[in-house]
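Working notes for the structure below.
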Amino acid sequence: MPGTVAAPRGGILCDLYNRYEAVRETLSRIDKAAQEMGLPNISARLVEQNETSDRRGPEVQYLEIFAVSIATHHMLIAEGAKPIAIVGQSIGELWALAAAGHLSVEDAARLAVARSQVLTRQSWGGKMLAVGVDGRRAESLAELINHPHLVLACENAPRQSVISGPEALIEHVERVADALGWPSLQLDVPHPTHTPAMAQAARDLRESAPRVPYGAGRWRVCSPWLGRDVGDDDPVDLVAGALTSRVRMLHTIRELHAAGADAFVECGEWPVVTKFVEASIPGVQCVVPLSESDPVEAVRALVDESTGGGPFRSRLAAPSSNGHGPVVRVSEPAPAGPVATLPVTDLPVRAAVSEPPAVPVSYVAPVSYVAPVSSPVPAAPPAPAPPFAPVAATPVAVAPAAAPVAAASTVVAPVAVAPASPVAPVASPSSAGSDYETVLAELRTLYGDFLGYPPDLLGEDDGLEAELGVESLKQVALLGMVSDRYDLPDLRANSSLLTVGTLRRIAEAVVQARAGAAGR
């Protein structure tokens, strides 16, 4: 189940609302809970294809994400998916508890709003930064600066971690990462979390949130921050504890796979966590129904495969390597086995229901960040070992020792930072022309060499992420190379070139910036 991702598109649930009674009933219950808390109707924008909204506060955003996640879950169950586990990322653990039947939909909505309100009251000036390196290096970087609130917040994939901390220190980390050649990207989230700085908000939540009953659920729920299954844990304590704790998505995904989950289903609108899954377990099968042209058909094809109806791979795109490229990477048809359900970050488990076996599936929910990124570009290797002293890796198991709250790692005294070798060779600025066609041709060569694509295949209007599968961190690294090549330092800060993401826009920006520099 997804955590804090971008607000869903208008009309995203229109088809599911019309098809499934369970979806209509659940959305009605979320609306009722929202109205009781003084919030506007949640489902109208998601069902009526109305892209505008006059109620964009974080509470509404969280409830919209919840509505999309739980509606996707109901579609999966209605079409015959049989999860062996459900997992949620950060606040997505609430969605997972509700999907599994441990919490009522209304109680999950109330607790999500209470969580948002205590975070807003604390009003902490923090940021979260995705860094394209493994958790050990990211943690060493945070330790190097040595501030109690600057920590490794999330381990998402073998080469994608998130650091959370005070804004000024995050900007310092970003500069150091850039000097080391590590791609990085600040995450646009309303409430940065997973740091000890959230201790006051966690206390406030425990004191002020309504206590909610915890019932026996139908499916197993796994917690990536606890490092174990959720048992009879108090839901308020679960949500409060996650605010200050590390999320170990990478380890949870691998535990799920080791337990037999060969297919992961993301209960969100976009492939976010599935990118982490693909980067962590090459060849695994990932499905994001709502990103398909026909979500229901995508689920039916997966269920058909699980019951012997044939391989799902025939209708899936080529893989792309993980908070947000083609949607799926497919392995050979998996042997029959249990289905795992992961809403964003999940641990593998077998459902406690006597149902026919199915392909091991996990609902994967998007991470709590708008622009999660998978492994960095092959041409941009991580910095050599000397910059940071190694950190002893903590083995992940379903045991308290693996809980991200207390990372049992030993940090060796860091050594002096040494600059990394260049991410990729670039031509000297003097060789670059200033006219559009020349710049476009050079960008095609630069991007093609970096991504391993023939330059002729890179269309000037192709979306770098949507059509070519270039994740955000890779785009950041490439934009830095363009900035260095043409000696345009301000180009790095042009975020519109990341959101638009086409060679045409980048070439036009280069030509315009060079013309402006020449006129000064």
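Identifiers in this document derive from the order of the structure tokens: chains are assigned A, B, ..., residues are numbered from 1 separately in each chain, and ligands are numbered from 1 in order of occurrence.
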
Near Val221 in chain A, within 6 Å and counting only C-alpha atoms, which residues show up once chain neighbours fewer than 5 positions away are dropped, as a PDB file with N, CA and C atoms, in the first residue's frame?
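Written file, around-v4.pdb:
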ATOM      1  N   ALA A  85       0.243 -11.852   1.831  1.00  0.00           N
ATOM      2  CA  ALA A  85       0.683 -10.799   2.736  1.00  0.00           C
ATOM      3  C   ALA A  85       0.260  -9.449   2.189  1.00  0.00           C
ATOM      4  N   ILE A  86       0.025  -8.515   3.090  1.00  0.00           N
ATOM      5  CA  ILE A  86      -0.249  -7.129   2.709  1.00  0.00           C
ATOM      6  C   ILE A  86       0.726  -6.261   3.480  1.00  0.00           C
ATOM      7  N   VAL A  87       1.336  -5.327   2.773  1.00  0.00           N
ATOM      8  CA  VAL A  87       2.331  -4.474   3.403  1.00  0.00           C
ATOM      9  C   VAL A  87       2.076  -3.030   3.034  1.00  0.00           C
ATOM     10  N   ASP A 229       5.862  -9.323  11.376  1.00  0.00           N
ATOM     11  CA  ASP A 229       4.425  -9.208  11.157  1.00  0.00           C
ATOM     12  C   ASP A 229       3.799  -8.337  12.239  1.00  0.00           C
ATOM     13  N   VAL A 230       2.708  -7.688  11.878  1.00  0.00           N
ATOM     14  CA  VAL A 230       1.928  -6.969  12.871  1.00  0.00           C
ATOM     15  C   VAL A 230       1.083  -7.988  13.620  1.00  0.00           C
TER      16      VAL A 230
END

All residues 8 Å or closer to range 159-172 of chain A, only C-alpha atoms, same chain fewer than 5 positions away omitted, as a PyMOL selection string
chain A and resi 125-135+138-139+142+149-154+192-195+197+373-376

Can you write just those residues out, C-alpha atoms, as a PDB file, in the first residue's frame?
ATOM      1  CA  GLY A 125      11.439  22.427   9.038  1.00  0.00           C
ATOM      2  CA  GLY A 126      12.821  19.235   7.605  1.00  0.00           C
ATOM      3  CA  LYS A 127      13.396  17.669   4.196  1.00  0.00           C
ATOM      4  CA  MET A 128      13.881  14.224   2.730  1.00  0.00           C
ATOM      5  CA  LEU A 129      16.545  13.486   0.123  1.00  0.00           C
ATOM      6  CA  ALA A 130      16.665  10.439  -2.145  1.00  0.00           C
ATOM      7  CA  VAL A 131      20.269   9.391  -2.839  1.00  0.00           C
ATOM      8  CA  GLY A 132      21.307   6.876  -5.482  1.00  0.00           C
ATOM      9  CA  VAL A 133      23.503   4.708  -3.237  1.00  0.00           C
ATOM     10  CA  ASP A 134      23.011   1.788  -0.876  1.00  0.00           C
ATOM     11  CA  GLY A 135      21.885   2.275   2.709  1.00  0.00           C
ATOM     12  CA  ALA A 138      23.848   6.873   2.819  1.00  0.00           C
ATOM     13  CA  GLU A 139      24.001   6.190   6.546  1.00  0.00           C
ATOM     14  CA  ALA A 142      24.528  11.159   7.541  1.00  0.00           C
ATOM     15  CA  HIS A 149      17.995  14.362  13.568  1.00  0.00           C
ATOM     16  CA  LEU A 150      19.852  13.657  10.306  1.00  0.00           C
ATOM     17  CA  VAL A 151      19.411   9.944   9.649  1.00  0.00           C
ATOM     18  CA  LEU A 152      18.992   7.246   7.053  1.00  0.00           C
ATOM     19  CA  ALA A 153      15.182   7.163   6.822  1.00  0.00           C
ATOM     20  CA  CYS A 154      14.495   4.548   4.146  1.00  0.00           C
ATOM     21  CA  PRO A 192       9.059  14.666   6.323  1.00  0.00           C
ATOM     22  CA  THR A 193       9.250  11.754   8.779  1.00  0.00           C
ATOM     23  CA  HIS A 194      11.289   8.710   9.847  1.00  0.00           C
ATOM     24  CA  THR A 195      13.677  10.735  11.969  1.00  0.00           C
ATOM     25  CA  ALA A 197      12.977  14.844  15.117  1.00  0.00           C
ATOM     26  CA  VAL A 373      13.992   6.483  -7.862  1.00  0.00           C
ATOM     27  CA  SER A 374      15.507   3.151  -8.631  1.00  0.00           C
ATOM     28  CA  SER A 375      19.120   2.214  -8.988  1.00  0.00           C
ATOM     29  CA  PRO A 376      21.399   4.887 -10.455  1.00  0.00           C
TER      30      PRO A 376
END

Got a sec: who's within 10 Å of Gly215 in chain A, counting only C-alpha atoms, leaving out chain neighbours fewer than 2 positions off, as number ranges by chain?
A: 97-98, 100-104, 212-213, 217-218, 232

Export of the given selection (C-alpha atoms) as a PDB file, in the first residue's frame:
ATOM      1  CA  LEU A  97      -4.451  -2.860   8.267  1.00  0.00           C
ATOM      2  CA  ALA A  98      -7.784  -1.738   6.842  1.00  0.00           C
ATOM      3  CA  ALA A 100      -6.587  -6.938   5.848  1.00  0.00           C
ATOM      4  CA  GLY A 101      -9.620  -6.325   8.058  1.00  0.00           C
ATOM      5  CA  HIS A 102      -7.730  -5.477  11.256  1.00  0.00           C
ATOM      6  CA  LEU A 103      -9.140  -1.912  11.287  1.00  0.00           C
ATOM      7  CA  SER A 104     -12.406  -0.504  10.042  1.00  0.00           C
ATOM      8  CA  VAL A 212      -9.394   2.239  17.847  1.00  0.00           C
ATOM      9  CA  PRO A 213     -10.362  -1.416  18.199  1.00  0.00           C
ATOM     10  CA  GLY A 217      -7.973  -9.747  10.026  1.00  0.00           C
ATOM     11  CA  ARG A 218      -8.245 -12.074   7.070  1.00  0.00           C
ATOM     12  CA  ASP A 232      -1.810  -7.467  18.432  1.00  0.00           C
TER      13      ASP A 232
END

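Note that CA of Arg228 in chain A and CA of Arg246 in chain A are 13.4 Å apart.
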
Using only C-alpha atoms, which protein or nucleic acid residues come within 12 Å of Ser483 in chain A? Drop anything in the same chain fewer than 3 positions from it, and give the result as a count of residues only.
26

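Ranking A:Pro196, A:Gly452, A:Pro289, A:Gly501 by their shortest atom-to-atom distance to Leu243 in chain A, with only C-alpha atoms included, puts A:Pro196 first.
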
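A straight line drawn from CA of Arg29 in chain A to CA of Ala202 in chain A is 26.8 Å long.
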